[in-house]
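Peer 1: The structure's right below; bear with me while I get my questions together.
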Amino acid sequence: MRYTLHVNGRPHEVEAAPEAPLLSVLRDELGLTGAHYGCGQGVCGACTVLVGGKAVPSCTMRVAEAAGREIVTIEGLPPAEGRLHPVQAAFVREDAMQCGYCTPGMIVASVALLSHSPHPDEEEIRDALVPHLCRCGTYGRAIRAVQAAAREMATREEGAA
Ligand code: FES
Ligand code: FES
């Protein structure tokens with residue numbers, strides 16, 4: 001079947017079976033390889049993308065469910081493709097990655113968290129990162145990165161006000 005996927009602000013016409021995982025279409029048809037395949041069962045978080053502003057595992061979302069909704073991948077986080085979102089910049093500054101396999105999913109989930117809770121406490125951040133398995137054990141640094149990003153984004157907003 002033919003579907004229109006709205007990914008990172010652009011419409012894409014794709015040909016796929018309705019039950020095809022969104023992750024496969026993003027990676028294999030659209031060349032967006034930032035969302036990673038880990039478990040394929042919705043339990044590791046490596047494939048997380050935003051759909052309608054919510055962090056979801058793209059390995060278990062079928063392409064038919066995602067069609068017509070706003071999808072954002074790690075490649076399309078604002079401010080623009082090729083420039084770092086404050087959460088991405090904070091992960092780099094805090095060295096919150098080792099092999100990096102889990103990192104795009106953690107960053108996307110953190111962006112979703114900060115969009116609805118701009119000043120999360122540590123428990124909220126931990127809760128947001130629970131679905132994300134990191135075999136390299138970067139959790140502590142990831143939490144610090146999200147805290148730093150929240151501070152940075154709050155400072156920017158104050159500056160813009
Ligand atoms: S690959 Fe999707 S949650 Fe693990
Ligand atoms: S940085 Fe290696 S799995 Fe998280």
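In the structure tokens, chains take letters A, B, ... by order of appearance, with residues numbered from 1 within each chain and ligands from 1 in the order shown.
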Each residue of chain A with at least one atom at most 7 Å from ligand 2 should appear once, together with its nearest atom pair and the corresponding distance in Å (one decimal); atoms considered: only C-alpha atoms and all ligand atoms; ordering: chain, then increasing residue number; output as JSON lines.

Peer 2:
{"residue": "A:Met97", "atom": "CA", "partner": "ligand 2", "partner_atom_place_in_ligand_line": "1 (S)", "distance": 4.3}
{"residue": "A:Gln98", "atom": "CA", "partner": "ligand 2", "partner_atom_place_in_ligand_line": "1 (S)", "distance": 4.0}
{"residue": "A:Cys99", "atom": "CA", "partner": "ligand 2", "partner_atom_place_in_ligand_line": "2 (Fe)", "distance": 3.9}
{"residue": "A:Gly100", "atom": "CA", "partner": "ligand 2", "partner_atom_place_in_ligand_line": "1 (S)", "distance": 4.1}
{"residue": "A:Tyr101", "atom": "CA", "partner": "ligand 2", "partner_atom_place_in_ligand_line": "3 (S)", "distance": 4.9}
{"residue": "A:Cys102", "atom": "CA", "partner": "ligand 2", "partner_atom_place_in_ligand_line": "4 (Fe)", "distance": 4.3}
{"residue": "A:Thr103", "atom": "CA", "partner": "ligand 2", "partner_atom_place_in_ligand_line": "4 (Fe)", "distance": 5.9}
{"residue": "A:Leu133", "atom": "CA", "partner": "ligand 2", "partner_atom_place_in_ligand_line": "3 (S)", "distance": 6.7}
{"residue": "A:Cys134", "atom": "CA", "partner": "ligand 2", "partner_atom_place_in_ligand_line": "4 (Fe)", "distance": 3.6}
{"residue": "A:Arg135", "atom": "CA", "partner": "ligand 2", "partner_atom_place_in_ligand_line": "3 (S)", "distance": 4.2}
{"residue": "A:Cys136", "atom": "CA", "partner": "ligand 2", "partner_atom_place_in_ligand_line": "2 (Fe)", "distance": 4.2}
{"residue": "A:Gly137", "atom": "CA", "partner": "ligand 2", "partner_atom_place_in_ligand_line": "4 (Fe)", "distance": 6.4}
{"residue": "A:Thr138", "atom": "CA", "partner": "ligand 2", "partner_atom_place_in_ligand_line": "1 (S)", "distance": 6.0}

Peer 1: Sort by chain and increasing residue number a table of all residues of chain A within 10 Å of ligand 1, each with its closest pair of atoms and their distance in Å to one decimal, counting only C-alpha atoms and all ligand atoms, and write it as JSON lines.

Peer 2:
{"residue": "A:Pro21", "atom": "CA", "partner": "ligand 1", "partner_atom_place_in_ligand_line": "2 (Fe)", "distance": 9.6}
{"residue": "A:Leu23", "atom": "CA", "partner": "ligand 1", "partner_atom_place_in_ligand_line": "2 (Fe)", "distance": 7.9}
{"residue": "A:Ala35", "atom": "CA", "partner": "ligand 1", "partner_atom_place_in_ligand_line": "1 (S)", "distance": 8.5}
{"residue": "A:His36", "atom": "CA", "partner": "ligand 1", "partner_atom_place_in_ligand_line": "1 (S)", "distance": 6.4}
{"residue": "A:Tyr37", "atom": "CA", "partner": "ligand 1", "partner_atom_place_in_ligand_line": "1 (S)", "distance": 4.2}
{"residue": "A:Gly38", "atom": "CA", "partner": "ligand 1", "partner_atom_place_in_ligand_line": "1 (S)", "distance": 3.8}
{"residue": "A:Cys39", "atom": "CA", "partner": "ligand 1", "partner_atom_place_in_ligand_line": "4 (Fe)", "distance": 3.8}
{"residue": "A:Gly40", "atom": "CA", "partner": "ligand 1", "partner_atom_place_in_ligand_line": "1 (S)", "distance": 4.0}
{"residue": "A:Gln41", "atom": "CA", "partner": "ligand 1", "partner_atom_place_in_ligand_line": "3 (S)", "distance": 5.5}
{"residue": "A:Gly42", "atom": "CA", "partner": "ligand 1", "partner_atom_place_in_ligand_line": "3 (S)", "distance": 3.3}
{"residue": "A:Val43", "atom": "CA", "partner": "ligand 1", "partner_atom_place_in_ligand_line": "3 (S)", "distance": 4.3}
{"residue": "A:Cys44", "atom": "CA", "partner": "ligand 1", "partner_atom_place_in_ligand_line": "4 (Fe)", "distance": 3.8}
{"residue": "A:Gly45", "atom": "CA", "partner": "ligand 1", "partner_atom_place_in_ligand_line": "3 (S)", "distance": 4.0}
{"residue": "A:Ala46", "atom": "CA", "partner": "ligand 1", "partner_atom_place_in_ligand_line": "4 (Fe)", "distance": 5.2}
{"residue": "A:Cys47", "atom": "CA", "partner": "ligand 1", "partner_atom_place_in_ligand_line": "2 (Fe)", "distance": 4.4}
{"residue": "A:Thr48", "atom": "CA", "partner": "ligand 1", "partner_atom_place_in_ligand_line": "2 (Fe)", "distance": 6.6}
{"residue": "A:Val49", "atom": "CA", "partner": "ligand 1", "partner_atom_place_in_ligand_line": "2 (Fe)", "distance": 9.7}
{"residue": "A:Val56", "atom": "CA", "partner": "ligand 1", "partner_atom_place_in_ligand_line": "3 (S)", "distance": 8.4}
{"residue": "A:Pro57", "atom": "CA", "partner": "ligand 1", "partner_atom_place_in_ligand_line": "2 (Fe)", "distance": 4.8}
{"residue": "A:Ser58", "atom": "CA", "partner": "ligand 1", "partner_atom_place_in_ligand_line": "2 (Fe)", "distance": 5.8}
{"residue": "A:Cys59", "atom": "CA", "partner": "ligand 1", "partner_atom_place_in_ligand_line": "2 (Fe)", "distance": 4.3}
{"residue": "A:Thr60", "atom": "CA", "partner": "ligand 1", "partner_atom_place_in_ligand_line": "2 (Fe)", "distance": 6.5}
{"residue": "A:Met61", "atom": "CA", "partner": "ligand 1", "partner_atom_place_in_ligand_line": "2 (Fe)", "distance": 9.0}
{"residue": "A:Cys102", "atom": "CA", "partner": "ligand 1", "partner_atom_place_in_ligand_line": "4 (Fe)", "distance": 9.4}
{"residue": "A:Gly105", "atom": "CA", "partner": "ligand 1", "partner_atom_place_in_ligand_line": "3 (S)", "distance": 9.0}
{"residue": "A:Pro131", "atom": "CA", "partner": "ligand 1", "partner_atom_place_in_ligand_line": "3 (S)", "distance": 7.9}
{"residue": "A:His132", "atom": "CA", "partner": "ligand 1", "partner_atom_place_in_ligand_line": "3 (S)", "distance": 8.0}
{"residue": "A:Leu133", "atom": "CA", "partner": "ligand 1", "partner_atom_place_in_ligand_line": "4 (Fe)", "distance": 8.6}

Peer 1: Residues of the last selection are to be written out with C-alpha atoms, as a tab-separated table (two decimals), in the first residue's frame.

Peer 2:
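In the end it all went to result16.tsv:
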chain	number	residue	atom	x	y	z
A	21	PRO	CA	7.25	-1.54	11.33
A	23	LEU	CA	11.37	1.66	12.03
A	35	ALA	CA	16.71	5.23	15.20
A	36	HIS	CA	18.33	1.87	15.90
A	37	TYR	CA	17.05	-1.68	15.89
A	38	GLY	CA	17.65	-3.37	19.23
A	39	CYS	CA	15.06	-5.81	20.56
A	40	GLY	CA	12.34	-5.35	17.93
A	41	GLN	CA	9.78	-5.84	20.72
A	42	GLY	CA	9.33	-2.39	22.24
A	43	VAL	CA	11.45	-3.01	25.32
A	44	CYS	CA	14.90	-1.45	24.71
A	45	GLY	CA	14.10	2.06	23.46
A	46	ALA	CA	16.82	2.12	20.79
A	47	CYS	CA	14.29	2.80	18.03
A	48	THR	CA	12.43	5.66	19.75
A	49	VAL	CA	11.01	8.47	17.62
A	56	VAL	CA	7.25	5.80	20.90
A	57	PRO	CA	9.16	2.66	19.92
A	58	SER	CA	9.11	2.66	16.15
A	59	CYS	CA	9.79	-1.09	15.99
A	60	THR	CA	6.31	-1.91	17.25
A	61	MET	CA	4.40	0.93	15.57
A	102	CYS	CA	21.01	3.76	22.83
A	105	GLY	CA	16.46	6.94	21.69
A	131	PRO	CA	12.33	2.28	28.78
A	132	HIS	CA	15.89	2.85	27.49
A	133	LEU	CA	18.43	0.12	28.02

Peer 1: Tell me, as a ChimeraX atom specification, which residues lie within 7 Å of Pro104 (chain A), counting only C-alpha atoms; anything in the same chain fewer than 3 positions away does not count.

Peer 2: /A:34-35,74,107-108

Peer 1: Mind checking DSSP for region 47-146 of chain A and telling me the strand (DSSP E) residues as a PyMOL selection string?

Peer 2: chain A and resi 48-51+54-57+70-72

Peer 1: Please identify all polymer residues within 6 Å of Met1 (chain A), counting only C-alpha atoms, omitting same-chain residues fewer than 3 positions from it, and present them as a list in words.

Peer 2: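 The filter keeps Glu15, Ala16 and Ala17 of chain A.
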
Peer 1: Export, as a tab-separated table (two decimals), in the first residue's frame, the selected residues with N, CA and C atoms.

Peer 2:
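File produced: result18.tsv:
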chain	number	residue	atom	x	y	z
A	15	GLU	N	5.89	3.09	-0.16
A	15	GLU	CA	5.16	1.88	-0.50
A	15	GLU	C	5.53	0.85	0.57
A	16	ALA	N	4.54	0.37	1.31
A	16	ALA	CA	4.87	-0.59	2.38
A	16	ALA	C	3.64	-1.41	2.73
A	17	ALA	N	3.89	-2.59	3.28
A	17	ALA	CA	2.78	-3.39	3.81
A	17	ALA	C	2.25	-2.69	5.06

Peer 1: Which one of A:Arg27, A:His119, A:Lys54, A:His6 sits closest to Ala154 (chain A) if you count only C-alpha atoms?

Peer 2: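 Among the listed residues, A:His119 lies closest to Ala154 (chain A).
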
Peer 1: With only C-alpha atoms as the atoms that count, which of A:Leu30, A:Met106, A:Val130, A:Leu22 lies nearest to Glu65 (chain A)?

Peer 2: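 When distances to Glu65 (chain A) are compared using only C-alpha atoms, the smallest one comes from A:Leu22.
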
Peer 1: Name the residues of region 34-155 of chain A that come out as alpha helix (DSSP H) in a backbone DSSP run; write them as JSON, numbers by chain.

Peer 2: {"A": [63, 64, 65, 66, 86, 87, 88, 89, 90, 91, 92, 93, 103, 104, 105, 106, 107, 108, 109, 110, 111, 112, 113, 114, 115, 116, 122, 123, 124, 125, 126, 127, 128, 129, 139, 140, 141, 142, 143, 144, 145, 146, 147, 148, 149, 150, 151, 152, 153, 154, 155]}

Peer 1: Taking into account only C-alpha atoms, which residue in the set A:Gly159, A:Arg151, A:Gly53, A:Glu70 is nearest to His116 (chain A)?

Peer 2: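 When distances to His116 (chain A) are compared using only C-alpha atoms, the smallest one comes from A:Gly53.
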
Peer 1: Counting only C-alpha atoms, what is within 7 Å of region 84-91 of chain A, bar same-chain residues fewer than 2 positions away, as an MDAnalysis selection string?

Peer 2: chainID A and resid 77:79 82 93:96 107 111 142 145:146 148:149 153

Peer 1: Kindly export the residues of the current selection with N, CA and C atoms, as a CSV table (one decimal), in the first residue's frame.

Peer 2:
chain,number,residue,atom,x,y,z
A,77,LEU,N,15.4,16.7,14.8
A,77,LEU,CA,15.1,17.5,16.0
A,77,LEU,C,15.4,19.0,15.7
A,78,PRO,N,14.5,19.9,16.3
A,78,PRO,CA,14.8,21.3,16.1
A,78,PRO,C,16.1,21.7,16.8
A,79,PRO,N,16.8,22.8,16.4
A,79,PRO,CA,16.3,23.8,15.5
A,79,PRO,C,16.2,23.5,14.0
A,82,GLY,N,21.0,19.1,11.0
A,82,GLY,CA,22.4,19.5,10.9
A,82,GLY,C,22.8,20.4,12.0
A,93,ARG,N,28.2,17.4,25.8
A,93,ARG,CA,29.0,18.1,26.8
A,93,ARG,C,29.2,17.2,28.0
A,94,GLU,N,28.1,16.5,28.4
A,94,GLU,CA,28.2,15.6,29.6
A,94,GLU,C,28.8,14.3,29.3
A,95,ASP,N,29.2,14.0,28.0
A,95,ASP,CA,29.8,12.8,27.6
A,95,ASP,C,28.9,11.6,28.0
A,96,ALA,N,27.6,11.8,27.7
A,96,ALA,CA,26.6,10.8,28.1
A,96,ALA,C,26.4,9.7,27.1
A,107,ILE,N,17.9,10.5,23.8
A,107,ILE,CA,17.8,11.9,23.5
A,107,ILE,C,16.3,12.3,23.0
A,111,VAL,N,13.8,14.8,24.9
A,111,VAL,CA,13.1,16.0,24.2
A,111,VAL,C,11.6,15.9,24.5
A,142,ALA,N,23.5,10.5,31.5
A,142,ALA,CA,22.4,10.9,30.7
A,142,ALA,C,21.4,11.8,31.6
A,145,ALA,N,22.8,15.2,31.8
A,145,ALA,CA,22.7,15.9,30.5
A,145,ALA,C,21.3,16.4,30.4
A,146,VAL,N,20.3,15.7,30.8
A,146,VAL,CA,18.9,16.2,30.7
A,146,VAL,C,18.7,17.4,31.7
A,148,ALA,N,21.0,19.4,32.6
A,148,ALA,CA,21.8,20.6,32.0
A,148,ALA,C,21.0,21.2,30.8
A,149,ALA,N,20.4,20.3,30.0
A,149,ALA,CA,19.5,20.8,28.9
A,149,ALA,C,18.3,21.6,29.4
A,153,MET,N,17.7,25.4,28.4
A,153,MET,CA,16.5,25.8,27.7
A,153,MET,C,15.7,26.8,28.5

Peer 1: Write out as a list in words the residues lying within 10 Å of Gly68 (chain A), counting only C-alpha atoms and excluding same-chain residues fewer than 4 positions away.

Peer 2: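 Residues meeting the cut-off are Tyr3, Thr4, Leu5, His6, Val7, Pro11, Gly52, Val63 and Ala64 of chain A.
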
Peer 1: So how many Å separate CA of Ala109 (chain A) and CA of Ala55 (chain A), to one decimal?

Peer 2: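 Separating CA of Ala109 (chain A) from CA of Ala55 (chain A) is a distance of 5.4 Å.
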
Peer 1: Quick one, how far is CA of Arg83 (chain A) from CA of Arg141 (chain A)?

Peer 2: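 Calculated distance between CA of Arg83 (chain A) and CA of Arg141 (chain A) is 21.8 Å.
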
Peer 1: What is the CA of Arg62 (chain A) to CA of Leu32 (chain A) distance in Å?

Peer 2: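 Taking CA of Arg62 (chain A) and CA of Leu32 (chain A), their separation equals 16.5 Å.
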
Peer 1: Quick one: of A:Val14, A:Ile143, A:Leu26, A:Ala150, who's nearest to Ser117 (chain A), counting only C-alpha atoms?

Peer 2: A:Ala150
